[in-house]
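A.B. asks: Enclosed is the structure file target_6.txt (compact mmCIF, C-alpha atoms).
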# COMPACT_ATOMS: atom_id res chain seq x y z
CA MET A 29 10.04 -8.97 -2.38
CA MET A 30 6.62 -8.83 -4.00
CA ALA A 31 8.17 -8.80 -7.48
CA LYS A 32 10.27 -11.82 -6.57
CA ARG A 33 7.26 -13.72 -5.24
CA LEU A 34 5.27 -12.80 -8.31
CA SER A 35 8.00 -14.01 -10.66
CA MET A 36 8.13 -17.30 -8.72
CA SER A 37 4.39 -17.73 -9.26
CA ILE A 38 4.78 -16.85 -12.92
CA ALA A 39 7.43 -19.55 -13.33
CA GLU A 40 5.25 -22.09 -11.48
CA HIS A 41 2.40 -21.39 -13.86
CA GLY A 42 4.66 -21.62 -16.90
CA LYS A 43 3.88 -18.09 -18.03
CA GLU A 44 6.28 -15.79 -19.81
CA TYR A 45 5.69 -12.53 -18.01
CA GLU A 46 8.53 -10.42 -16.71
CA THR A 47 8.25 -8.49 -13.47
CA GLU A 48 10.22 -5.44 -12.45
CA ALA A 49 9.90 -3.37 -9.28
CA TYR A 50 10.65 0.34 -9.39
CA SER A 51 10.32 3.36 -7.20
CA TYR A 52 7.31 5.51 -8.06
CA SER A 53 9.65 8.33 -9.00
CA GLU A 54 10.72 6.30 -12.05
CA ILE A 55 7.19 5.92 -13.42
CA ASP A 56 7.63 8.47 -16.23
CA GLU A 57 10.56 6.56 -17.61
CA LYS A 58 9.46 2.96 -16.93
CA GLY A 59 5.68 3.20 -17.15
CA SER A 60 5.63 3.18 -20.94
CA THR A 61 7.59 -0.10 -21.06
CA ALA A 62 4.97 -1.98 -19.01
CA ASP A 63 1.97 -4.05 -20.14
CA VAL A 64 0.44 -3.83 -16.66
CA ILE A 65 1.22 -1.42 -13.82
CA LEU A 66 0.80 -2.61 -10.25
CA LEU A 67 0.91 -0.06 -7.44
CA GLY A 68 1.73 -0.85 -3.83
CA PRO A 69 -1.15 -0.04 -1.48
CA GLN A 70 0.93 2.75 0.11
CA ILE A 71 0.73 4.80 -3.09
CA ARG A 72 -2.90 4.12 -3.99
CA TYR A 73 -3.46 7.87 -4.32
CA ASN A 74 -1.33 7.86 -7.47
CA LEU A 75 -3.63 5.47 -9.34
CA LYS A 76 -5.65 8.22 -11.00
CA HIS A 77 -2.47 9.96 -12.07
CA VAL A 78 -1.03 6.73 -13.53
CA LYS A 79 -4.22 6.04 -15.47
CA GLU A 80 -4.14 9.54 -16.91
CA LYS A 81 -0.50 9.24 -17.83
CA PHE A 82 -0.77 5.77 -19.35
CA PRO A 83 -4.36 5.50 -20.55
CA ASN A 84 -3.72 2.33 -22.58
CA THR A 85 -1.97 0.41 -19.81
CA PRO A 86 -4.10 -1.37 -17.22
CA ALA A 87 -3.15 -0.21 -13.73
CA VAL A 88 -4.31 -1.46 -10.37
CA VAL A 89 -3.52 -1.16 -6.66
CA LEU A 90 -2.26 -4.43 -5.21
CA ASP A 91 -4.68 -6.12 -2.87
CA MET A 92 -3.50 -5.38 0.68
CA GLN A 93 -4.14 -8.89 1.98
CA ALA A 94 -2.26 -10.51 -0.89
CA TYR A 95 0.55 -7.99 -0.38
CA ALA A 96 0.73 -8.70 3.36
CA VAL A 97 1.26 -12.42 2.85
CA MET A 98 3.25 -11.95 -0.39
CA ASP A 99 0.74 -14.12 -2.24
CA GLY A 100 2.21 -14.21 -5.75
CA ASN A 101 -0.54 -16.49 -7.10
CA SER A 102 -3.27 -14.08 -6.10
CA ILE A 103 -1.44 -11.13 -7.68
CA LEU A 104 -0.84 -13.22 -10.80
CA SER A 105 -4.56 -13.85 -11.21
CA GLN A 106 -5.14 -10.10 -10.73
CA VAL A 107 -2.67 -9.50 -13.58
CA ASP A 108 -4.27 -12.17 -15.78
CA SER A 109 -7.71 -10.64 -15.47
CA LEU A 110 -6.28 -7.19 -16.30
CA LEU A 111 -4.60 -8.56 -19.41
CA LYS A 112 -7.84 -10.27 -20.45
CA GLU A 113 -9.74 -6.98 -20.21
CA LYS A 114 -7.11 -5.17 -22.22
CA MET B 8 8.38 -17.34 5.86
CA SER B 9 9.49 -16.82 9.46
CA LYS B 10 7.04 -15.52 12.06
CA SER B 11 9.00 -12.30 12.35
CA THR B 12 8.89 -11.74 8.57
CA GLU B 13 5.16 -12.42 8.56
CA THR B 14 4.60 -9.85 11.30
CA SER B 15 6.77 -7.25 9.57
CA LEU B 16 4.92 -7.75 6.29
CA ALA B 17 1.55 -7.52 8.05
CA ILE B 18 2.62 -4.16 9.53
CA ILE B 19 4.07 -2.88 6.23
CA ALA B 20 0.96 -3.80 4.21
CA ALA B 21 -1.45 -2.36 6.76
CA VAL B 22 0.27 0.93 7.57
CA GLY B 23 1.35 1.38 3.94
CA SER B 24 -2.29 1.05 2.87
CA ALA B 25 -3.27 3.42 5.65
CA LYS B 26 -0.81 6.05 4.45
CA GLY B 27 -2.22 5.65 0.95
CA PHE B 28 -5.72 6.29 2.26
CA PHE B 29 -4.60 9.31 4.32
CA VAL B 30 -2.98 10.96 1.30
CA GLU B 31 -6.10 10.13 -0.71
CA ALA B 32 -8.13 11.85 2.04
CA ILE B 33 -5.99 14.99 1.70
CA ARG B 34 -6.45 14.98 -2.08
CA ASN B 35 -10.22 14.66 -1.66
CA ALA B 36 -10.24 17.51 0.85
CA GLU B 37 -8.29 19.67 -1.60
CA LEU B 38 -11.12 19.10 -4.09
CA ASN B 39 -13.67 20.06 -1.42
CA ASP B 40 -14.99 16.50 -1.39
CA ILE B 41 -15.34 16.41 2.40
CA ALA B 42 -17.49 13.27 2.49
CA GLY B 43 -14.99 11.44 0.25
CA ALA B 44 -12.11 12.71 2.37
CA LYS B 45 -13.72 11.43 5.56
CA LYS B 46 -14.42 8.08 3.93
CA SER B 47 -10.75 7.70 2.89
CA TYR B 48 -9.64 8.81 6.35
CA GLU B 49 -11.86 6.22 8.05
CA ALA B 50 -10.60 3.50 5.70
CA GLY B 51 -7.06 4.57 6.63
CA VAL B 52 -7.74 4.47 10.37
CA ASP B 53 -9.26 1.02 10.01
CA VAL B 54 -6.18 -0.52 8.37
CA TYR B 55 -3.78 1.56 10.44
CA ASN B 56 -5.24 0.02 13.59
CA LYS B 57 -4.58 -3.46 12.22
CA GLY B 58 -0.94 -2.60 11.65
CA HIS B 59 -0.68 -0.95 15.05
CA LYS B 60 -2.06 -4.05 16.72
CA ALA B 61 0.62 -6.23 15.10
CA HIS B 62 3.21 -3.70 16.31
CA MET B 63 1.78 -3.69 19.86
CA ASP B 64 1.86 -7.50 19.93
CA LEU B 65 5.59 -7.31 19.26
CA VAL B 66 6.09 -4.72 22.00
CA THR B 67 4.14 -6.91 24.41
CA GLN B 68 6.25 -9.93 23.49
CA PHE B 69 9.37 -7.91 24.15
CA ALA B 70 7.99 -6.70 27.50
CA ASN B 71 7.42 -10.35 28.41
CA GLY B 72 11.08 -11.06 27.84
CA GLU B 73 10.60 -12.87 24.54
CA GLU B 74 13.21 -12.59 21.82
CA ILE B 75 12.24 -10.27 18.95
CA GLY B 76 14.30 -10.89 15.82
CA LEU B 77 15.30 -7.42 14.66
CA ASP B 78 16.05 -7.22 10.95
CA ILE B 79 15.85 -4.64 8.17
CA LEU B 80 12.26 -5.62 7.37
CA LEU B 81 11.09 -4.88 10.90
CA VAL B 82 12.98 -1.58 10.88
CA HIS B 83 11.23 -0.74 7.60
CA ALA B 84 7.85 -1.71 9.09
CA GLU B 85 8.32 0.53 12.14
CA CYS B 86 9.55 3.35 9.94
CA GLN B 87 6.51 3.08 7.68
CA MET B 88 4.24 3.06 10.71
CA MET B 89 5.69 6.34 11.99
CA SER B 90 5.15 7.93 8.61
CA ALA B 91 1.57 6.64 8.43
CA GLU B 92 0.88 7.97 11.93
CA ASP B 93 2.08 11.43 10.90
CA PHE B 94 -0.13 11.36 7.83
CA LYS B 95 -3.07 10.32 9.96
CA VAL B 96 -2.75 13.51 12.02
CA ILE B 97 -2.07 15.70 8.99
CA SER B 98 -5.02 14.35 7.00
CA SER B 99 -7.36 14.83 9.96
CA GLU B 100 -6.21 18.46 10.28
CA VAL B 101 -6.55 19.08 6.55
CA ILE B 102 -10.09 17.67 6.55
CA ASP B 103 -11.05 19.92 9.50
CA TYR B 104 -9.59 22.91 7.72
CA ALA B 105 -11.28 22.09 4.41
CA GLU B 106 -14.57 21.61 6.20
CA SER B 107 -14.33 24.95 8.01
CA ARG B 108 -13.44 26.62 4.72
CA THR B 109 -16.52 25.24 2.95
CA LYS B 110 -18.71 26.47 5.83
CA ALA B 111 -17.18 29.94 5.91
Before we go any further, please render this structure as structure tokens.
C.D. replies:
Amino acid sequence: MMAKRLSMSIAEHGKEYETEAYSYSEIDEKGSTADVILLGPQIRYNLKHVKEKFPNTPAVVLDMQAYAVMDGNSILSQVDSLLKEK
Amino acid sequence: MSKSTETSLAIIAAVGSAKGFFVEAIRNAELNDIAGAKKSYEAGVDVYNKGHKAHMDLVTQFANGEEIGLDILLVHAECQMMSAEDFKVISSEVIDYAESRTKA
């Protein structure tokens, strides 16, 4: 649902990002294909692990409030600032 | 978004976050960071309570004879809450154990 909302926001803003949602168990396989990794707040404890595994990929835990209301725009600006820092 | 979907998402985000904090608390305790573990645990309890309140509001509505739309999202929310509740107890026990171990 979050990925769908995010891709709607991306389209609204005319950006060309692609979003994919995966189970955490697929991170080894899919993590290397990502420019940005967003973790659901329920797996925040994996953030350190993700950063160690993919040191060149910005990774962040989704803001709980934005997640609760499925606020794609807010997540998109989180992604934009991560890409800027990269 | 329907009211029922909003409530389900509020529960999912809150108790999901809580579970994340509880597991983080266990990891901190494993590293003998008792203060960090307690901080994560408290953060977990704080958000867990928010999710639990949304859940209790639904139960109250049901008790008052109001219609509760039951869908897969609400089932998922309740399921996540049970799991978070278990992790709350487990993390509290692990912290107590880790603390007693550091004192021994």
A.B. asks: Please report as a list in words which residues of chain B come no farther than 8 Å from chain A, using all atoms listed in the file.
C.D. replies: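 Output check: Glu13, Leu16, Ala17, Ile18, Ile19, Ala20, Ala21, Val22, Gly23, Ser24, Ala25, Lys26, Gly27, Phe28, Val30 and Glu31 of chain B.
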A.B. asks: Between CA of Leu80 in chain B and CA of Ile65 in chain A, what distance in Å does the model show, to one decimal?
C.D. replies: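 Answer for the CA of Leu80 in chain B to CA of Ile65 in chain A separation: 24.3 Å.
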A.B. asks: Need the shell around Ser99 in chain B: protein/DNA/RNA residues with any atom at most 9 Å away, counting all atoms listed in the file. Skip same-chain ones fewer than 3 positions apart. Format as a list in words?
C.D. replies: Phe29, Ala32, Ile33, Lys45, Tyr48, Phe94, Lys95, Val96, Ile102, Asp103 and Tyr104 of chain B
A.B. asks: Would you pick out the contacts of Leu104 in chain A at 10 Å or less, using only C-alpha atoms, so that residues sharing its chain but fewer than 3 positions from it are not included, and give the list as a PyMOL selection string?
C.D. replies: chain A and resi 33-35+37-38+41+43+45+99-101+107-110
A.B. asks: As an exercise, work out the distance from CA of Thr85 in chain A to CA of Asp63 in chain A in Å and give it to one decimal place.
C.D. replies: 6.0 Å
A.B. asks: Identify, on the basis of all atoms listed in the file, every residue whose closest approach to Pro83 in chain A does not exceed 12 Å; exclude the query and any residue fewer than 3 positions from it along the same chain; express the result as a list in words.
C.D. replies: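 So the residues in contact are Gly59, Ser60, Asp63, Val64, Ile65, Leu75, Lys76, His77, Val78, Lys79, Glu80, Pro86, Ala87 and Lys114 of chain A.
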A.B. asks: Name the residues in contact with Glu74 in chain B at a cut-off of 12 Å, using only C-alpha atoms, excluding same-chain residues fewer than 6 positions from it; report them as number ranges by chain.
C.D. replies: B: 10-11, 65-68
A.B. asks: So the first atom is CA of Val101 in chain B and the second is CA of Asp56 in chain A; what is the distance between them in Å, to one decimal place?
C.D. replies: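 Computed distance, CA of Val101 in chain B to CA of Asp56 in chain A, equals 28.9 Å.
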A.B. asks: My list of candidates is A:Asn84, A:Glu44, A:Ala39, A:Ala31. Which is closest to Thr61 in chain A when distances are computed with only C-alpha atoms?
C.D. replies: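 Of all the options, A:Asn84 lies closest to Thr61 in chain A.
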A.B. asks: Is it possible to get the residues within 9 Å of (-3.4, 0.7, 11.4) (coordinates as in the file, counting all atoms listed in the file) written as a list in words?
C.D. replies: Ile18, Ala21, Val22, Gly23, Ser24, Ala25, Gly51, Val52, Asp53, Val54, Tyr55, Asn56, Lys57, Gly58, His59, Lys60, Ala61, Met88, Ala91 and Glu92 of chain B
